[in-house]
Amino acid sequence: MNWLTEILDKCFARMVEEEYLMQTCVKIPLEMCLEDYDPRKEYKTWNPIDSAVTNENLNDLESKINLKFPKSYREFLKYKHFVELQIEDFAVEFPRHLPNTYLDILEDFILNIYEHRYLVNKKLICFASFQDIGYLCFDASKTNQDNEYNIIFIDHEDLDNKIEYCKSFKDLLEGDKERSNIFITTVLNNRYQN
């Protein structure tokens with residue numbers, strides 16, 4: 001999936017240009033720290049590193065949730081570990097993808113976001129926060145080739161209302177900044193009109 005690595009590499013390069021995006025006060029593994037790492041400093045500069053996630057790890061997680069990830073999302077998880085990832089679509093916030101802890105964090109995120117398994121039982125795989133108003137989920141209720149599901153938005157205030165956000169993970173990663181602006185305005189307007 002060349003398109004995936006090209007998009008992610010561009011995102012990381014853009015983040016490196018804006019140095020503050022590569023700094024964190026979060027505890028990170030030493031292998032992600034720059035060579036001039038100083039443990040006395042509160043903020044550390046990090047680098048994305050090759051992911052240690054395997055197909056076997058992902059198969060195990062899929063068995064636990066009894067749903068399949070999109071092929072593109074599996075490749076995403078197997079590409080790089082990161083502290084944060086800023087894609088063009090500014091409202092999308094992926095959970096941290098750190099070595100040795102990420103799949104536990106992701107499993108907890110998927111299964112326990114509200115009540116245990118609430119969204120999974122509806123065949124929704126939650127994979128990202130959306131600003132501070134909701135979550136993005138893969139809609140696994142409709143099967144597509146390579147499990148490239150539509151992505152839907154779930155509002156914090158209305159968990160049962162599914163709103164289509166985009167057609168696939170690729171569409172999300174290729175999206176522009178304006179999609180979020182328009183979508184947020186629409187969602188908030190609808191929320192306060194009802």
# chains A, B, ... in the order shown; residues from 1 in each chain; ligands from 1

$ residues_around --residues "A:Cys25" --least-positions-apart "5" --cutoff "12 Å" --atoms "only C-alpha atoms" --output "PyMOL selection string"
chain A and resi 20+33+39-46+83

$ select_by_dssp --residues "stretch 21-149 of chain A" --states "helix (DSSP H, G or I)" --output "PyMOL selection string"
chain A and resi 21-22+30-32+55-65+71-79+102-112+120-122+145-147

$ residues_around --residues "stretch 94-97 of chain A" --least-positions-apart "4" --cutoff "9 Å" --atoms "only C-alpha atoms" --output "list in words"
Ser51, Leu77, Lys80, His81, Phe82, Val83, Glu84, Leu85, Gln86, Thr101, Tyr102, Leu103, Ile105, Leu106, Phe109, Phe127, Ala128, Ser129 and Phe130 of chain A

$ write_last_selection --atoms "C-alpha atoms" --output "JSON list (two decimals), in the first residue's frame"
[["chain", "number", "residue", "atom", "x", "y", "z"],
["A", 51, "SER", "CA", 6.07, -0.71, 14.19],
["A", 77, "LEU", "CA", -0.84, -0.17, 12.61],
["A", 80, "LYS", "CA", 5.10, 3.18, 12.42],
["A", 81, "HIS", "CA", 4.80, 3.77, 16.15],
["A", 82, "PHE", "CA", 4.03, 7.38, 17.07],
["A", 83, "VAL", "CA", 3.13, 9.61, 20.00],
["A", 84, "GLU", "CA", 0.64, 11.53, 17.91],
["A", 85, "LEU", "CA", -0.27, 11.80, 14.27],
["A", 86, "GLN", "CA", -1.64, 14.91, 12.62],
["A", 101, "THR", "CA", 1.47, -0.92, 24.84],
["A", 102, "TYR", "CA", -0.47, 0.18, 21.80],
["A", 103, "LEU", "CA", -2.66, -2.84, 21.20],
["A", 105, "ILE", "CA", -4.56, 0.85, 24.57],
["A", 106, "LEU", "CA", -6.43, 0.22, 21.33],
["A", 109, "PHE", "CA", -10.38, 2.17, 23.43],
["A", 127, "PHE", "CA", -10.41, 3.96, 16.26],
["A", 128, "ALA", "CA", -10.11, 7.74, 16.79],
["A", 129, "SER", "CA", -11.51, 10.66, 18.72],
["A", 130, "PHE", "CA", -13.05, 13.46, 16.74]]

$ atom_distance --atom1 "atom CA of A:Pro70" --atom2 "atom CA of A:Ile87"
18.4 Å

$ atom_distance --atom1 "atom CA of A:Asn150" --atom2 "atom CA of A:Glu164"
7.1 Å

$ residues_around --residues "A:Leu172" --least-positions-apart "2" --cutoff "9 Å" --atoms "only C-alpha atoms" --output "list of chain:residue names"
A:Ile87, A:Glu88, A:Asp89, A:Val92, A:Ile151, A:Tyr165, A:Cys166, A:Lys167, A:Ser168, A:Phe169, A:Lys170, A:Glu174, A:Gly175, A:Asp176

$ write_last_selection --atoms "N, CA and C atoms" --output "mmCIF file, in the first residue's frame"
data_model
loop_
_atom_site.group_PDB
_atom_site.id
_atom_site.type_symbol
_atom_site.label_atom_id
_atom_site.label_comp_id
_atom_site.auth_asym_id
_atom_site.auth_seq_id
_atom_site.Cartn_x
_atom_site.Cartn_y
_atom_site.Cartn_z
ATOM 1 N N ILE A 87 -2.997 14.350 10.731
ATOM 2 C CA ILE A 87 -3.288 14.234 9.311
ATOM 3 C C ILE A 87 -3.903 15.546 8.853
ATOM 4 N N GLU A 88 -4.154 15.677 7.556
ATOM 5 C CA GLU A 88 -4.748 16.915 7.025
ATOM 6 C C GLU A 88 -6.053 17.246 7.727
ATOM 7 N N ASP A 89 -6.826 16.224 8.034
ATOM 8 C CA ASP A 89 -8.113 16.396 8.704
ATOM 9 C C ASP A 89 -7.837 16.648 10.181
ATOM 10 N N VAL A 92 -9.241 14.813 13.651
ATOM 11 C CA VAL A 92 -9.041 13.391 13.940
ATOM 12 C C VAL A 92 -7.875 13.215 14.897
ATOM 13 N N ILE A 151 -16.631 5.060 7.288
ATOM 14 C CA ILE A 151 -16.294 5.611 8.605
ATOM 15 C C ILE A 151 -17.451 6.490 9.043
ATOM 16 N N TYR A 165 -19.141 9.807 7.880
ATOM 17 C CA TYR A 165 -18.117 10.846 7.799
ATOM 18 C C TYR A 165 -17.339 10.761 6.485
ATOM 19 N N CYS A 166 -16.941 9.538 6.101
ATOM 20 C CA CYS A 166 -16.259 9.348 4.825
ATOM 21 C C CYS A 166 -16.357 7.879 4.412
ATOM 22 N N LYS A 167 -15.884 7.566 3.229
ATOM 23 C CA LYS A 167 -16.104 6.247 2.630
ATOM 24 C C LYS A 167 -15.113 5.166 3.051
ATOM 25 N N SER A 168 -13.931 5.551 3.518
ATOM 26 C CA SER A 168 -12.908 4.543 3.846
ATOM 27 C C SER A 168 -11.776 5.184 4.643
ATOM 28 N N PHE A 169 -10.885 4.337 5.157
ATOM 29 C CA PHE A 169 -9.715 4.838 5.878
ATOM 30 C C PHE A 169 -8.826 5.650 4.935
ATOM 31 N N LYS A 170 -8.702 5.198 3.695
ATOM 32 C CA LYS A 170 -7.924 5.945 2.706
ATOM 33 C C LYS A 170 -8.527 7.329 2.499
ATOM 34 N N GLU A 174 -6.658 10.891 3.191
ATOM 35 C CA GLU A 174 -6.473 11.812 2.068
ATOM 36 C C GLU A 174 -7.314 13.079 2.222
ATOM 37 N N GLY A 175 -8.181 13.111 3.222
ATOM 38 C CA GLY A 175 -9.115 14.221 3.404
ATOM 39 C C GLY A 175 -8.419 15.547 3.627
ATOM 40 N N ASP A 176 -9.196 16.597 3.512
ATOM 41 C CA ASP A 176 -8.648 17.939 3.677
ATOM 42 C C ASP A 176 -9.136 18.579 4.977
#

$ residues_around --residues "A:Ile113" --least-positions-apart "6" --cutoff "10 Å" --atoms "only C-alpha atoms" --output "MDAnalysis selection string"
chainID A and resid 107 119:120 126 135

$ write_last_selection --atoms "C-alpha atoms" --output "compact mmCIF listing (two decimals), in the first residue's frame"
# COMPACT_ATOMS: atom_id res chain seq x y z
CA GLU A 107 -8.30 -2.78 22.78
CA LEU A 119 -20.12 0.02 20.18
CA VAL A 120 -18.59 -3.35 19.24
CA CYS A 126 -13.92 2.93 17.37
CA TYR A 135 -15.59 9.40 17.87

$ closest_residue --among "A:Ser72, A:Asn66, A:Asn161, A:Asn57" --to "A:Tyr149" --atoms "only C-alpha atoms"
A:Ser72

$ atom_distance --atom1 "atom CA of A:Pro48" --atom2 "atom CA of A:Ala140"
29.2 Å

$ closest_residue --among "A:Asp171, A:Glu17, A:Asp132, A:Glu31" --to "A:Leu98" --atoms "only C-alpha atoms"
A:Glu31

$ select_by_dssp --residues "stretch 6-189 of chain A" --states "strand (DSSP E)" --output "ChimeraX atom specification"
/A:23-24,44-45,49-50,80-81,92-93,124-130,134-139,151-155,158-166

$ write_last_selection --atoms "N, CA and C atoms" --output "mmCIF file, in the first residue's frame"
data_model
loop_
_atom_site.group_PDB
_atom_site.id
_atom_site.type_symbol
_atom_site.label_atom_id
_atom_site.label_comp_id
_atom_site.auth_asym_id
_atom_site.auth_seq_id
_atom_site.Cartn_x
_atom_site.Cartn_y
_atom_site.Cartn_z
ATOM 1 N N GLN A 23 7.275 17.109 20.146
ATOM 2 C CA GLN A 23 7.687 17.160 21.550
ATOM 3 C C GLN A 23 6.538 16.698 22.434
ATOM 4 N N THR A 24 6.891 15.989 23.487
ATOM 5 C CA THR A 24 5.871 15.467 24.375
ATOM 6 C C THR A 24 6.393 15.393 25.796
ATOM 7 N N LYS A 44 10.285 15.909 25.737
ATOM 8 C CA LYS A 44 11.228 15.120 24.953
ATOM 9 C C LYS A 44 10.807 15.164 23.487
ATOM 10 N N THR A 45 11.783 15.208 22.615
ATOM 11 C CA THR A 45 11.492 15.160 21.185
ATOM 12 C C THR A 45 11.519 13.704 20.753
ATOM 13 N N ILE A 49 8.956 5.404 14.805
ATOM 14 C CA ILE A 49 9.845 4.265 14.557
ATOM 15 C C ILE A 49 9.027 3.132 13.933
ATOM 16 N N ASP A 50 9.727 2.195 13.319
ATOM 17 C CA ASP A 50 9.049 1.057 12.702
ATOM 18 C C ASP A 50 8.195 0.332 13.725
ATOM 19 N N LYS A 80 4.273 2.384 11.500
ATOM 20 C CA LYS A 80 5.099 3.179 12.424
ATOM 21 C C LYS A 80 4.427 3.301 13.787
ATOM 22 N N HIS A 81 5.256 3.373 14.821
ATOM 23 C CA HIS A 81 4.796 3.769 16.150
ATOM 24 C C HIS A 81 4.926 5.282 16.234
ATOM 25 N N VAL A 92 -9.241 14.813 13.651
ATOM 26 C CA VAL A 92 -9.041 13.391 13.940
ATOM 27 C C VAL A 92 -7.875 13.215 14.897
ATOM 28 N N GLU A 93 -8.124 12.522 16.022
ATOM 29 C CA GLU A 93 -7.087 12.300 17.031
ATOM 30 C C GLU A 93 -6.942 10.798 17.272
ATOM 31 N N LEU A 124 -19.424 -1.582 15.440
ATOM 32 C CA LEU A 124 -18.676 -0.352 15.233
ATOM 33 C C LEU A 124 -17.319 -0.488 15.914
ATOM 34 N N ILE A 125 -16.266 -0.247 15.158
ATOM 35 C CA ILE A 125 -14.906 -0.326 15.693
ATOM 36 C C ILE A 125 -14.388 1.097 15.862
ATOM 37 N N CYS A 126 -14.371 1.574 17.076
ATOM 38 C CA CYS A 126 -13.916 2.930 17.368
ATOM 39 C C CYS A 126 -12.386 2.976 17.260
ATOM 40 N N PHE A 127 -11.864 3.911 16.462
ATOM 41 C CA PHE A 127 -10.414 3.964 16.263
ATOM 42 C C PHE A 127 -9.818 5.350 16.458
ATOM 43 N N ALA A 128 -10.646 6.388 16.616
ATOM 44 C CA ALA A 128 -10.108 7.738 16.785
ATOM 45 C C ALA A 128 -11.147 8.628 17.465
ATOM 46 N N SER A 129 -10.635 9.609 18.192
ATOM 47 C CA SER A 129 -11.510 10.660 18.719
ATOM 48 C C SER A 129 -11.689 11.692 17.628
ATOM 49 N N PHE A 130 -12.778 12.405 17.705
ATOM 50 C CA PHE A 130 -13.047 13.465 16.736
ATOM 51 C C PHE A 130 -13.274 14.749 17.513
ATOM 52 N N GLY A 134 -16.930 13.771 19.662
ATOM 53 C CA GLY A 134 -17.332 12.398 19.388
ATOM 54 C C GLY A 134 -16.185 11.500 18.986
ATOM 55 N N TYR A 135 -16.553 10.435 18.281
ATOM 56 C CA TYR A 135 -15.588 9.402 17.871
ATOM 57 C C TYR A 135 -15.812 9.018 16.422
ATOM 58 N N LEU A 136 -14.751 8.516 15.804
ATOM 59 C CA LEU A 136 -14.854 7.930 14.476
ATOM 60 C C LEU A 136 -14.758 6.419 14.616
ATOM 61 N N CYS A 137 -15.612 5.727 13.874
ATOM 62 C CA CYS A 137 -15.683 4.267 13.943
ATOM 63 C C CYS A 137 -15.754 3.681 12.545
ATOM 64 N N PHE A 138 -15.179 2.496 12.381
ATOM 65 C CA PHE A 138 -15.410 1.719 11.177
ATOM 66 C C PHE A 138 -16.779 1.061 11.331
ATOM 67 N N ASP A 139 -17.606 1.159 10.314
ATOM 68 C CA ASP A 139 -18.930 0.544 10.350
ATOM 69 C C ASP A 139 -18.843 -0.851 9.753
ATOM 70 N N ILE A 151 -16.631 5.060 7.288
ATOM 71 C CA ILE A 151 -16.294 5.611 8.605
ATOM 72 C C ILE A 151 -17.451 6.490 9.043
ATOM 73 N N ILE A 152 -17.914 6.218 10.248
ATOM 74 C CA ILE A 152 -19.038 6.978 10.762
ATOM 75 C C ILE A 152 -18.624 7.738 12.025
ATOM 76 N N PHE A 153 -19.355 8.796 12.258
ATOM 77 C CA PHE A 153 -19.153 9.640 13.426
ATOM 78 C C PHE A 153 -20.230 9.306 14.445
ATOM 79 N N ILE A 154 -19.824 9.181 15.714
ATOM 80 C CA ILE A 154 -20.749 9.001 16.826
ATOM 81 C C ILE A 154 -20.584 10.212 17.746
ATOM 82 N N ASP A 155 -21.670 10.934 17.960
ATOM 83 C CA ASP A 155 -21.670 12.115 18.816
ATOM 84 C C ASP A 155 -21.667 11.672 20.281
ATOM 85 N N ASP A 158 -25.219 11.612 21.543
ATOM 86 C CA ASP A 158 -26.237 10.789 20.891
ATOM 87 C C ASP A 158 -25.569 9.546 20.311
ATOM 88 N N LEU A 159 -25.349 8.558 21.160
ATOM 89 C CA LEU A 159 -24.584 7.369 20.771
ATOM 90 C C LEU A 159 -25.278 6.507 19.731
ATOM 91 N N ASP A 160 -26.570 6.630 19.600
ATOM 92 C CA ASP A 160 -27.299 5.766 18.686
ATOM 93 C C ASP A 160 -27.472 6.363 17.295
ATOM 94 N N ASN A 161 -27.034 7.593 17.112
ATOM 95 C CA ASN A 161 -27.160 8.241 15.809
ATOM 96 C C ASN A 161 -25.835 8.133 15.063
ATOM 97 N N LYS A 162 -25.823 7.333 13.996
ATOM 98 C CA LYS A 162 -24.621 7.163 13.187
ATOM 99 C C LYS A 162 -24.670 8.141 12.020
ATOM 100 N N ILE A 163 -23.597 8.927 11.869
ATOM 101 C CA ILE A 163 -23.518 9.893 10.776
ATOM 102 C C ILE A 163 -22.299 9.527 9.927
ATOM 103 N N GLU A 164 -22.515 9.291 8.636
ATOM 104 C CA GLU A 164 -21.383 8.936 7.776
ATOM 105 C C GLU A 164 -20.427 10.109 7.675
ATOM 106 N N TYR A 165 -19.141 9.807 7.880
ATOM 107 C CA TYR A 165 -18.117 10.846 7.799
ATOM 108 C C TYR A 165 -17.339 10.761 6.485
ATOM 109 N N CYS A 166 -16.941 9.538 6.101
ATOM 110 C CA CYS A 166 -16.259 9.348 4.825
ATOM 111 C C CYS A 166 -16.357 7.879 4.412
#

$ residues_around --residues "A:Ile65" --least-positions-apart "3" --cutoff "9 Å" --atoms "only C-alpha atoms" --output "mmCIF file with C-alpha atoms, in the first residue's frame"
data_model
loop_
_atom_site.group_PDB
_atom_site.id
_atom_site.type_symbol
_atom_site.label_atom_id
_atom_site.label_comp_id
_atom_site.auth_asym_id
_atom_site.auth_seq_id
_atom_site.Cartn_x
_atom_site.Cartn_y
_atom_site.Cartn_z
ATOM 1 C CA ASP A 60 -5.653 -11.867 18.271
ATOM 2 C CA LEU A 61 -7.283 -8.468 18.772
ATOM 3 C CA GLU A 62 -9.787 -9.129 16.001
ATOM 4 C CA LYS A 68 -12.175 -7.617 11.255
ATOM 5 C CA GLU A 107 -8.301 -2.777 22.781
ATOM 6 C CA ILE A 110 -12.475 -0.152 21.240
ATOM 7 C CA LEU A 111 -14.145 -2.152 24.000
ATOM 8 C CA ARG A 117 -18.468 -3.576 24.238
ATOM 9 C CA VAL A 120 -18.586 -3.350 19.237
ATOM 10 C CA ASN A 121 -21.961 -5.016 19.791
ATOM 11 C CA ILE A 125 -14.906 -0.326 15.693
#
